[in-house]
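Visitor: Got a structure for you, written out below as structure tokens; questions coming shortly.
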Amino acid sequence: MSNNKEIESLEKKLASTIQSRNVIEQARHAQIATLVQFVSKLSLTCKGIDIELDNRLANFRSSISKGIDFERLKPLIDDISILLQQQESRQDANIRELHQTVNDAGKRLQQSKGVPDDLRRSLRNLLTNELNDIKATQDFVPVLSNLVEIYHQVLNNKHGDLSSEPEQLSPDLANELLNLTSELAFEGESAKKIDYIKQRISTNHQLNVLLDSCINIIRLIVATISQERQTAQSFLFAINETLSLLHQTLLDSVNRSKDVGHRMAQLNQQIEDKIYQLNDQSQQANSITELKLIVGKKLEALTLDIKYKEELEIQERECITESLKVMQTRIDSLEKETSIYRERLAEQKFKSLQDSLTKLPNRAAFDERFQLEFNSFKRNNKNLCLVVIDVDHFKRINDSFGHSAGDKTLQVIASALKKTVRNTDFIARFGGEEFIIIMPDTDLKQIIQPLEKIRKAIKAIPFKFKDTSVQITISIGATQFMSVDTTQEVFDRADDALYEAKRTGRDRLVIKK
Ligand SMILES: Nc1nc2c(ncn2[C@@H]2O[C@H](COP(=O)(O)OP(=O)(O)OP(=O)(O)O)[C@@H](O)[C@H]2O)c(=O)[nH]1
């Protein structure tokens, strides 16, 4: 019996132990399931970092979801742990690398030109503060987006700058403008301004510089023209003033003459009347004494009248002399003014035909003379040659030693050319580094010797810039006028000859028939 009771109590104990073990077992399963789910989810957060890790984690997730026992999971967990450790150090290296890259990009941006001040400030803050505060990869996100934004704005600015960046023009346009300015003769302050403009054009071929230069040149021309107009105006004003003064003087003297004439006529009448009266009264006189008395009185009155008449005549003469003197002075001063103005006009005509740099006749003067010589050639059919000279590699002088050295070179060459040609030859600066000579009474055979002399003379000039000795040569093209030629044809032939001289090595003379 006691045995039975014992068995019964043991069975009860066992049943309750089994039950509580089941409860524990169920709770453990529930905990494991939660843990498995959590581990699966956690493993998913590492997805995409590394393929190897991805594969292992996928394997691990599938194993634990199937409830594979710990013993079989262990090697998987070990592998994953190693991979995760490697991943951690790789992550650190990545952060350092990213830090360095962002820092480098920011520094490069800092060094680039044209970054506005506010962006430069933001960039400095990004590099010194924001970047140094980064602890984890995700911290890079706001910093990077900040940097991208700064880049974006700098690019926008640059783009704006680029679109407004002055367009580079062909140097031909700049040269053409330079040639045109050579034909302008200015004095004093204007000459200095033109020199400055020339310097700018020769070193800078940007559209805005050329436009700016054009505007400044036009301003100078307008100022000169208005100055000229003022001179002409004041001259005309002076003429007008003198003429109206002369007119007034003349009127005064006519009026005075009229007045004097009137008084003279009155006096004449008075004298005539008195003579009549004298005649009359003398016939009525009864005695010599009476006659003497009458005649005496009348003669006295007549003498007074005649004296007065004489005075009037003297006055009248003085008056006329005086007005003549006034008129003469006015006319003299007007003549002086006219001759000054005439001189000034002649001077201006001369100046507008002279190249201000070399003091040689300029292109306008050449055109005028070329036409005259051409007309005379057509009439007389005398020999006439045209020569075009161009300084070789002149650009190199400007580029190596500066525009002022180039200018000086042109002056020296011009004066050497002037000295070398005959008095009857006409030499002009055609523009830039090009000169032109009209040689009358010369044929092609005769020009070789003087032109070779010119070529050698220029080559022999000992130019020295910044302690460097430089030899400068010229190329020459020449031709003779033919009876069938137009001016353009002669010019083109001479230019072709020059081009051939350049093409075949420079420092030479080429003649074209
Ligand atoms: N200093 C100065 N330079 C000028 C003047 N006028 C034109 N130039 C320069 O002269 C140079 C002419 O250069 P290019 O036409 O290229 O000819 P180049 O260098 O002489 O070469 P080649 O003629 O081919 O031998 C340009 O650089 C012009 O800027 C001037 O008045 N003064």
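Every chain in the structure tokens has a letter given in the order shown (A, B, ...), and although residue numbers restart at 1 in each chain, ligands are simply numbered from 1 in the order shown.
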Using only C-alpha atoms and all ligand atoms, which residues of the polymer chains come no farther than 6 Å from ligand 1? I'd like the answer as a list in words.

Guide: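 Checking only C-alpha atoms and all ligand atoms against ligand 1 at 6 Å gives Asn175, Leu178, Asn179, Ser202, Val391, Asp392, His393, Phe394, Lys395, Arg396, Asn398, His403, Ser404, Gly406, Asp407, Gly432 and Glu433 of chain A.
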
Visitor: Restrict the selected residues to C-alpha atoms and save them as a compact mmCIF listing (two decimals), in the first residue's frame.

Guide:
```
# COMPACT_ATOMS: atom_id res chain seq x y z
CA ASN A 175 45.79 94.02 -86.30
CA LEU A 178 45.97 98.60 -84.82
CA ASN A 179 46.62 99.63 -88.42
CA SER A 202 48.41 94.48 -79.53
CA VAL A 391 59.34 93.48 -91.35
CA ASP A 392 60.06 89.77 -90.85
CA HIS A 393 58.75 88.03 -87.75
CA PHE A 394 57.90 91.34 -86.19
CA LYS A 395 55.44 89.69 -83.82
CA ARG A 396 58.38 88.01 -82.09
CA ASN A 398 56.57 92.43 -79.55
CA HIS A 403 55.15 96.49 -77.48
CA SER A 404 57.31 99.56 -76.73
CA GLY A 406 58.24 96.96 -81.20
CA ASP A 407 57.29 100.63 -81.55
CA GLY A 432 51.45 97.74 -88.84
CA GLU A 433 54.95 96.65 -89.79
```

Visitor: Can you build me a table of segment 79-121 of chain A residues sitting at most 8 Å from segment 51-71 of chain A, with the closest atom pair per residue and its distance in Å to one decimal, using only C-alpha atoms, sorted by chain and residue number, as JSON lines?

Guide:
```
{"residue": "A:Asp79", "atom": "CA", "partner": "A:Arg56", "partner_atom": "CA", "distance": 7.8}
{"residue": "A:Ile80", "atom": "CA", "partner": "A:Arg56", "partner_atom": "CA", "distance": 6.5}
{"residue": "A:Leu83", "atom": "CA", "partner": "A:Leu53", "partner_atom": "CA", "distance": 6.3}
{"residue": "A:Leu84", "atom": "CA", "partner": "A:Leu53", "partner_atom": "CA", "distance": 7.6}
```

Visitor: For the selection you just gave me, I'd like the residues written to a file as a JSON list (two decimals), in the first residue's frame, keeping N, CA and C atoms.

Guide:
```
[["chain", "number", "residue", "atom", "x", "y", "z"],
["A", 79, "ASP", "N", 33.00, 31.72, -38.89],
["A", 79, "ASP", "CA", 33.39, 32.35, -40.19],
["A", 79, "ASP", "C", 32.87, 33.78, -40.27],
["A", 80, "ILE", "N", 31.58, 33.88, -39.89],
["A", 80, "ILE", "CA", 30.95, 35.21, -39.99],
["A", 80, "ILE", "C", 31.65, 36.20, -39.06],
["A", 83, "LEU", "N", 34.75, 37.36, -40.69],
["A", 83, "LEU", "CA", 34.43, 38.31, -41.78],
["A", 83, "LEU", "C", 34.00, 39.68, -41.23],
["A", 84, "LEU", "N", 33.21, 39.62, -40.14],
["A", 84, "LEU", "CA", 32.74, 40.88, -39.56],
["A", 84, "LEU", "C", 33.91, 41.71, -39.00]]
```

Visitor: Ile218 of chain A: which residues within 12 Å, counting only C-alpha atoms, same-chain residues fewer than 5 positions away excluded, as a VMD selection string?

Guide: chain A and resid 177 180 to 181 184 190 193 to 194 197 211 to 213 223 to 225

Visitor: Measuring atom to atom with only C-alpha atoms, identify which of A:Asp441, A:Phe463, A:Leu291, A:Phe491 is nearest to Phe370 of chain A.

Guide: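 Result for the nearest residue to Phe370 of chain A: A:Phe491.
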
Visitor: Could you pull the residues within 8 Å of Ile454 of chain A, counting only C-alpha atoms, minus those fewer than 4 positions along the same chain, as JSON, numbers by chain?

Guide: {"A": [417, 420, 421, 450, 458]}

Visitor: Selection from above, N, CA and C atoms, as a PDB file, in the first residue's frame, can you write it?

Guide:
```pdb
ATOM      1  N   LEU A 417      64.697 103.735 -93.517  1.00  0.00           N
ATOM      2  CA  LEU A 417      64.117 103.670 -94.867  1.00  0.00           C
ATOM      3  C   LEU A 417      64.096 105.060 -95.508  1.00  0.00           C
ATOM      4  N   THR A 420      67.373 106.028 -96.737  1.00  0.00           N
ATOM      5  CA  THR A 420      67.918 105.240 -97.844  1.00  0.00           C
ATOM      6  C   THR A 420      67.244 105.524 -99.189  1.00  0.00           C
ATOM      7  N   VAL A 421      65.975 105.903 -99.165  1.00  0.00           N
ATOM      8  CA  VAL A 421      65.308 106.130-100.468  1.00  0.00           C
ATOM      9  C   VAL A 421      65.687 107.491-101.063  1.00  0.00           C
ATOM     10  N   PRO A 450      68.797  99.801-105.596  1.00  0.00           N
ATOM     11  CA  PRO A 450      68.386 100.552-104.392  1.00  0.00           C
ATOM     12  C   PRO A 450      67.619  99.709-103.377  1.00  0.00           C
ATOM     13  N   ILE A 458      68.763  97.708 -93.475  1.00  0.00           N
ATOM     14  CA  ILE A 458      67.941  97.346 -92.306  1.00  0.00           C
ATOM     15  C   ILE A 458      68.573  96.167 -91.573  1.00  0.00           C
TER      16      ILE A 458
END
```

Visitor: What does the distance from atom CA of Asp495 of chain A to atom CA of Ser356 of chain A come to in Å, to one decimal?

Guide: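 Between atom CA of Asp495 of chain A and atom CA of Ser356 of chain A the gap is 24.2 Å.
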
Visitor: In Å, rounded to a single decimal, give me how far atom CA of Glu316 of chain A is from atom CA of Ser333 of chain A.

Guide: 25.9 Å

Visitor: Kindly indicate which residue among A:Ser352, A:Met327, A:Leu357, A:Gly114 lies nearest to His247 of chain A, using only C-alpha atoms for the distances.

Guide: A:Met327

Visitor: Where does DSSP see helix (DSSP H, G or I) in segment 239-459 of chain A, if you list the residues as an MDAnalysis selection string?

Guide: chainID A and resid 239:284 288:352 363:380 394:401 403:420 444:459

Visitor: Write out as a list in words the residues lying within 12 Å of Lys445 of chain A, counting only C-alpha atoms and excluding same-chain residues fewer than 5 positions away.

Guide: Asn383, Leu384, Cys385, Pro450, Leu451, Glu452, Ala478, Thr479, Gln480, Ile511, Lys512 and Lys513 of chain A

Visitor: Keeping only N, CA and C atoms, take the residues you just selected and write them out as a short mmCIF file (atom, residue, chain, number, x, y, z; two decimals), in the first residue's frame.

Guide:
```
data_model
loop_
_atom_site.label_atom_id
_atom_site.label_comp_id
_atom_site.auth_asym_id
_atom_site.auth_seq_id
_atom_site.Cartn_x
_atom_site.Cartn_y
_atom_site.Cartn_z
N ASN A 383 58.04 105.56 -116.55
CA ASN A 383 58.23 104.40 -115.66
C ASN A 383 57.82 104.73 -114.22
N LEU A 384 57.16 103.75 -113.60
CA LEU A 384 56.72 103.95 -112.21
C LEU A 384 56.70 102.60 -111.51
N CYS A 385 57.32 102.51 -110.34
CA CYS A 385 57.35 101.23 -109.62
C CYS A 385 56.69 101.36 -108.25
N PRO A 450 68.80 99.80 -105.60
CA PRO A 450 68.39 100.55 -104.39
C PRO A 450 67.62 99.71 -103.38
N LEU A 451 66.83 98.75 -103.88
CA LEU A 451 66.06 97.94 -102.92
C LEU A 451 66.95 96.96 -102.16
N GLU A 452 67.94 96.43 -102.84
CA GLU A 452 68.90 95.56 -102.15
C GLU A 452 69.65 96.37 -101.10
N ALA A 478 58.15 93.93 -105.23
CA ALA A 478 58.12 95.12 -106.09
C ALA A 478 57.53 94.79 -107.45
N THR A 479 56.94 95.81 -108.06
CA THR A 479 56.42 95.63 -109.42
C THR A 479 56.42 96.98 -110.15
N GLN A 480 56.24 96.91 -111.47
CA GLN A 480 56.21 98.15 -112.26
C GLN A 480 54.80 98.35 -112.81
N ILE A 511 60.63 90.36 -107.34
CA ILE A 511 60.06 91.32 -108.29
C ILE A 511 59.07 90.60 -109.19
N LYS A 512 57.92 91.22 -109.41
CA LYS A 512 56.91 90.58 -110.29
C LYS A 512 56.57 91.52 -111.42
N LYS A 513 56.53 90.96 -112.62
CA LYS A 513 56.18 91.81 -113.78
C LYS A 513 54.69 91.81 -113.98
#
```

Visitor: Please compute the atom CA of Val115 of chain A-atom CA of Asn204 of chain A distance, one decimal, in Å.

Guide: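 Interatomic distance here is 24.9 Å.
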